[in-house]
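Student: Shown below is the structure under consideration.
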Amino acid sequence: MSNDPLLQPYQLKHLHLRNRIMITSHEPAYSENGMPTERYRAYHVERAKAGVALTMTAGSAAVSLDSPPVFDNLLVYKDEIVPWMKDLTDECHEHGTAVMIQLTHLGRRTRWDKGEWLPAVSPSHRREPSHKAFPKKIEDWDIDRIIKDYTDAAERMYAAGLDGIELQAYGHLMDQFWSPLTNTLEGPYGGDTDNRLRFTFDLLKSIRQRVGNEFIVGLRYTGDEMLPGGLNAEDGLSISQRLKESGMVDFLNVVRGHIDTDAGLTDVIPIQGMRNSPHLDFAGEIRSATDFPVFHAAKIPDVATARYAIASGKVDMVGMTRAHMTDPHIVRKIIAGQEDSIRPCVGANYCLDRIYQGGAAFCIHNAATGRELSMPHTIPAAPQRKKIVIVGAGPGGLEAARVAAERGHEVVVFEAASDAGGQILLTSQSPRRHEMISIIDWRMQQCEAMGVTFHFNTYAEADTVLAEKPDAVIVATGGLPDTEVLASGNELVVSTWDIISRSVKPGSNVLLFDDAGDHAALQAAEVIANSGARVEIMTPDRSFAPEVMAMNLVPYMRTLQQKDVTFTVTYRLHSVSRDGNELVATVGSDYDDGSRDFTQSRRIDQVVINHGTLPLDDLYFDLKPHSVNEGEVNYSDLIDGQPQKLNKNSEGQFQLFRIGDAVSARNTHAAIYDALRLVKDL
Ligand SMILES: Cc1cc2nc3c(=O)[nH]c(=O)nc-3n(C[C@H](O)[C@H](O)[C@H](O)COP(=O)(O)O)c2cc1C
Ligand code: SF4
């Protein structure tokens with residue numbers, strides 16, 4: 001038996017947990033009509049097979065009709081969920097993983113124009129800044145109804161054979177009762193602490209009456225709202241004690257902070273560039289004060305920190321949630337002594353930010369997560385060894401190299417630069433986003449271990465590639481910034497890449513025209529603003545930086561709002577001209593219908609353009625006539641997971657494909673997904 005603290009079993013009442021690593025509840029938005037169907041199940045089963053001790057399914061599974069999901073959450077108020085949850089649970093159990101689910105009523109943290117268009121309810125009329133519904137103030141009949149809904153939902157999960165449930169109490173209805181900031185009720189459910197906790201204890205009693213004392217019931221709750229006038233750490237400790245002493249709760253899953261704003265949420269669930277394990281000590285304080293089972297997760301991305309969390313006795317079960325989205329096989333790799341090969345979570349938060357924009361949670365650099373039914377986490381060997389030449393060692397090219405090498409192919413990579421990384425080399429220039437370089441480092445480590453040959457400082461021409469006599473060629477040459485977007489004055493502007501790479505010095509009074517809405521604009525703005533310059537970020541869109549998304553925006557705003565930065569939306573830069581030492585920018589608007597003049601001008605000393613990239617595709621077009629498929633991809637076969645078989649050119653010598661930004665400007669996930677889904681069948 002290993003003496004690794006992480007691999008020690010844990011006994012929670014009657015439940016044997018095989019190690020100390022859990023996945024905390026997170027809604028990946030893979031459900032279909034609120035049901036955890038095959039895709040949802042496959043996602044959890046992949047992680048169960050690899051050894052995680054406990055998976056807390058769902059995230060904010062909705063118990064009531066007036067708690068409509070904001071991101072495709074499971075609908076536990078429907079009876080039809082029982083067989084789906086039973087299938088998921090049974091299959092995870094077969095692999096030794098315990099299964100629980102998080103149940104909730106969102107209270108004001110939702111919208112009235114979702115689901116059945118019922119009013120949101122909360123113990124006050126106070127609006128939640130994030131979701132913006134003005135809630136109805138909860139009435140007695142709502143309370144009775146919602147307690148019954150929770151109880152029915154708990155019974156459904158009991159019937160489905162789950163090991164337990166967790167009630168969500170941070171930012172949702174339950175702690176909206178707790179917090180003086182969101183509870184203005186009078187009478188039995190408002191006022192002093194006892195009254196504000198009454199809803200929770202009434203609910204727990206009702207659940208216990210229905211499912212008995214054996215079924216595991218825990219709370220995931222904030223132990224300190226960290227808001228003026230909100231619940232503080234002392235209140236949190238007192239609530240923790242009361243929960244324990246009630247005898248109705250089996251574990252405390254500790255959170256610190258508030259999630260009613262994007263900034264608050266980002267402090268609760270920190271992203272890249274923010275401190276690791278910021279709330280671990282706090283969770284440890286609750287554990288030592290209560291001497292009760294404590295679970296906790298908040299940016300504990302690596303095994304060493306997780307091990308410390310357990311070894312130091314701060315928590316009983318450590319959550320590695322996003323870490324498992326990046327690498328589902330963490331536990332298997334720890335057991336096998338392969339910790340070094342764990343794909344690292346880089347805190348990009350693409351997963352979480354996407355669900356708030358209505359998408360499914362995808363990991364920025366594991367394209368198989370959430371696609372377990374079609375994309376492998378472990379690449380099978382190819383029936384026949386081939387020679388694969390890859391041009392470009394950015395994220396897409398390196399993923400192609402890694403997957404091809406896993407297939408057992410001979411792989412040769414050409415890269416014009418002296419280092420691998422492509423655009424990620426630029427991204428990671430920002431100290432805050434430096435963790436991104438692990439996307440490259442991990443792939444380089446994997447490729448080197450599998451014997452991939454790299455030729456750096458080599459600008460591959462068609463002849464270079466042909467001389468290799470490849471069976472397949474992947475062009476992953478990326479793109480270069482497209483700044484030719486103005487009616488005149490294109491020669492007077494610089495690109496965001498020029499600024500981020502420091503190849504051009506920031507001016508002192510800068511107009512940054514962002515027509516792509518992605519990280520590059522804000523990253524360049526940060527460099528400019530940090531130099532002491534004034535910068536105006538202008539976009540023709542109705543909001544700025546839409547591709548950066550909510551939680552990723554937080555650290556940018558924390559920097560930019562401290563500096564001399566202004567934001568202008570709905571205006572478009574038309575042209576730039578020179579006037580002595582100054583530049584004159586002419587600005588218009590897409591809303592201009594000619595009835596009045598929208599035109600403005602700016603006098604600045606530098607114009608920076610962010611407008612995506614244009615593909616570097618010369619090599620691809622040079623190679624096309626030499627290939628059997630003339631570069632064509634059969635999309636049906638690609639999507640069905642079939643090998644590419646097109647043979648259009650009897651003289652052709654190899655298959656040819658291009659991926660990532662060498663096709664069109666997209667993002668890191670797209671480049672990696674292009675590579676995985678193509679090369680897994682080569
Ligand atoms: C896609 C996604 C959805 C999440 N949804 C929920 C949720 O519904 N309820 C919840 O309590 N936590 C949710 N979380 C937060 C996680 O449970 C966890 O606290 C957070 O990711 C920090 O842990 P980590 O750093 O190990 O990922 C979500 C996280 C992610 C990535
Ligand atoms: S998208 Fe980023 S934060 Fe989310 S799991 Fe992947 S690496 Fe981690």
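How things are named: the first chain in the structure tokens is A, the next is B, and so on; residues count from 1 in each chain; ligands count from 1 in the order shown.
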May I have the residues within 7 Å of ligand 1, computed using only C-alpha atoms and all ligand atoms, as a list in words?
Tutor: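 After applying the 7 Å limit, what remains is Thr24, Ser25, His26, Glu27, Pro28, Ala58, Gly59, Ser60, Gln168, Arg220, Ile269, Ala297, Ala298, Lys299, Ile300, Pro301, Gly319, Met320, Thr321, Arg322, Ala323, Cys351, Leu352, Ile355 and Ala361 of chain A.
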Student: Quick one: contact table of chain A to ligand 2, 6 Å max, nearest atom pair and distance in Å to one decimal per residue, counting only C-alpha atoms and all ligand atoms, chain and number order, as a tab-separated table?
Tutor:
residue	atom	partner	partner_atom_place_in_ligand_line	distance
A:Arg322	CA	ligand 2	5 (S)	4.1
A:Ala323	CA	ligand 2	5 (S)	5.7
A:Met325	CA	ligand 2	5 (S)	4.7
A:Thr326	CA	ligand 2	5 (S)	4.7
A:Cys345	CA	ligand 2	7 (S)	3.8
A:Val346	CA	ligand 2	7 (S)	4.3
A:Gly347	CA	ligand 2	3 (S)	3.5
A:Ala348	CA	ligand 2	2 (Fe)	3.5
A:Asn349	CA	ligand 2	3 (S)	3.7
A:Tyr350	CA	ligand 2	1 (S)	4.1
A:Cys351	CA	ligand 2	4 (Fe)	4.3
A:Cys363	CA	ligand 2	6 (Fe)	3.5
A:Ile364	CA	ligand 2	1 (S)	4.2
A:His365	CA	ligand 2	6 (Fe)	5.9
Student: Which residue gives the smallest distance to A:Val389 among A:Phe598, A:Gln655, A:Val255, A:Gly229, with only C-alpha atoms counted?
Tutor: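 Of A:Phe598, A:Gln655, A:Val255, A:Gly229, the one nearest A:Val389, counting only C-alpha atoms, is A:Gln655.
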Student: Do you have, as JSON lines, the list of residues of stretch 354-441 of chain A lying at most 12 Å from stretch 616-625 of chain A, each with its nearest atom pair and that distance in Å to one decimal, counting only C-alpha atoms and ordered by chain then number?
Tutor:
{"residue": "A:Ile390", "atom": "CA", "partner": "A:Tyr620", "partner_atom": "CA", "distance": 11.3}
{"residue": "A:Val391", "atom": "CA", "partner": "A:Leu619", "partner_atom": "CA", "distance": 9.0}
{"residue": "A:Gly392", "atom": "CA", "partner": "A:Leu616", "partner_atom": "CA", "distance": 10.4}
Student: Among the residues of stretch 220-385 of chain A, find those DSSP assigns to alpha helix (DSSP H) from the backbone and print them as a ChimeraX atom specification.
Tutor: /A:233-246,262-268,280-290,303-311,321-326,330-335,350-355
Student: Among stretch 381-424 of chain A, which residues carry a DSSP assignment of strand (DSSP E or B), reported as a PyMOL selection string?
Tutor: chain A and resi 387-391+410-414
Student: Could you make a table, as CSV, of the residues of stretch 126-189 of chain A that have an atom within 12 Å of an atom of stretch 80-87 of chain A, each with its nearest atom pair and distance in Å to one decimal, counting only C-alpha atoms, in chain and number order?
Tutor:
residue,atom,partner,partner_atom,distance
A:Asp152,CA,A:Val82,CA,11.5
A:Ala153,CA,A:Val82,CA,9.6
A:Ala154,CA,A:Val82,CA,10.8
A:Glu155,CA,A:Val82,CA,9.7
A:Arg156,CA,A:Val82,CA,6.0
A:Met157,CA,A:Val82,CA,6.8
A:Tyr158,CA,A:Val82,CA,9.1
A:Ala159,CA,A:Val82,CA,7.1
A:Ala160,CA,A:Lys86,CA,4.4
A:Gly161,CA,A:Lys86,CA,6.1
A:Leu162,CA,A:Lys86,CA,7.4
A:Asp163,CA,A:Lys86,CA,11.0
Student: Please save N, CA, C and O atoms of the selected residues as a compact mmCIF listing (two decimals), in the first residue's frame.
Tutor:
# COMPACT_ATOMS: atom_id res chain seq x y z
N ASP A 152 -38.12 16.38 -2.66
CA ASP A 152 -38.44 15.45 -3.77
C ASP A 152 -37.17 15.16 -4.59
O ASP A 152 -36.93 14.02 -4.98
N ALA A 153 -36.39 16.21 -4.81
CA ALA A 153 -35.16 16.03 -5.62
C ALA A 153 -34.19 15.10 -4.88
O ALA A 153 -33.58 14.21 -5.49
N ALA A 154 -34.06 15.29 -3.57
CA ALA A 154 -33.16 14.43 -2.79
C ALA A 154 -33.63 12.98 -2.88
O ALA A 154 -32.84 12.05 -3.06
N GLU A 155 -34.94 12.79 -2.82
CA GLU A 155 -35.48 11.43 -2.89
C GLU A 155 -35.21 10.81 -4.27
O GLU A 155 -34.91 9.62 -4.38
N ARG A 156 -35.32 11.62 -5.31
CA ARG A 156 -35.02 11.10 -6.66
C ARG A 156 -33.57 10.61 -6.73
O ARG A 156 -33.28 9.56 -7.29
N MET A 157 -32.66 11.37 -6.14
CA MET A 157 -31.25 10.99 -6.21
C MET A 157 -30.97 9.77 -5.33
O MET A 157 -30.15 8.93 -5.68
N TYR A 158 -31.71 9.66 -4.26
CA TYR A 158 -31.61 8.47 -3.41
C TYR A 158 -32.08 7.25 -4.21
O TYR A 158 -31.44 6.20 -4.23
N ALA A 159 -33.20 7.45 -4.90
CA ALA A 159 -33.77 6.35 -5.69
C ALA A 159 -32.83 5.95 -6.83
O ALA A 159 -32.80 4.79 -7.24
N ALA A 160 -32.05 6.92 -7.33
CA ALA A 160 -31.13 6.63 -8.44
C ALA A 160 -29.86 5.93 -7.94
O ALA A 160 -29.01 5.57 -8.75
N GLY A 161 -29.75 5.76 -6.64
CA GLY A 161 -28.62 4.99 -6.10
C GLY A 161 -27.37 5.81 -5.85
O GLY A 161 -26.28 5.25 -5.64
N LEU A 162 -27.49 7.13 -5.85
CA LEU A 162 -26.31 7.96 -5.57
C LEU A 162 -25.85 7.75 -4.13
O LEU A 162 -26.63 7.34 -3.26
N ASP A 163 -24.60 8.10 -3.88
CA ASP A 163 -24.07 7.95 -2.52
C ASP A 163 -24.44 9.13 -1.64
O ASP A 163 -24.31 9.04 -0.41
Student: Each residue of stretch 395-504 of chain A lying at most 7 Å from stretch 270-285 of chain A should get a row with its shortest atom-to-atom pair and the distance in Å to one decimal, counting only C-alpha atoms; could you produce that, ordered by chain and increasing number, as a Markdown table?
Tutor:
| residue | atom | partner | partner_atom | distance |
| --- | --- | --- | --- | --- |
| A:Arg432 | CA | A:Gly273 | CA | 4.1 |
| A:Arg433 | CA | A:Gly273 | CA | 5.8 |
| A:Glu435 | CA | A:Gln272 | CA | 6.4 |
Student: Any chance you can output those residues with N, CA and C atoms as a PDB file, in the first residue's frame?
Tutor:
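Output (result09.pdb):
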ATOM      1  N   ARG A 432       1.011  37.539 -16.104  1.00  0.00           N
ATOM      2  CA  ARG A 432      -0.269  37.016 -15.647  1.00  0.00           C
ATOM      3  C   ARG A 432      -0.713  35.789 -16.429  1.00  0.00           C
ATOM      4  N   ARG A 433      -0.256  35.705 -17.680  1.00  0.00           N
ATOM      5  CA  ARG A 433      -0.696  34.594 -18.532  1.00  0.00           C
ATOM      6  C   ARG A 433       0.450  33.616 -18.797  1.00  0.00           C
ATOM      7  N   GLU A 435       1.323  31.025 -17.308  1.00  0.00           N
ATOM      8  CA  GLU A 435       0.980  29.596 -17.189  1.00  0.00           C
ATOM      9  C   GLU A 435       0.650  28.958 -18.542  1.00  0.00           C
TER      10      GLU A 435
END
Student: So how many Å separate atom CA of A:Pro481 and atom CA of A:His519, to one decimal?
Tutor: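 Answer for the atom CA of A:Pro481 to atom CA of A:His519 separation: 13.4 Å.
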Student: Using only C-alpha atoms, find the one residue out of A:Asp353, A:Glu484, A:Glu46, A:Asp681 that sits nearest to A:Gln642.
Tutor: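 Smallest distance to A:Gln642 is found for A:Asp681.
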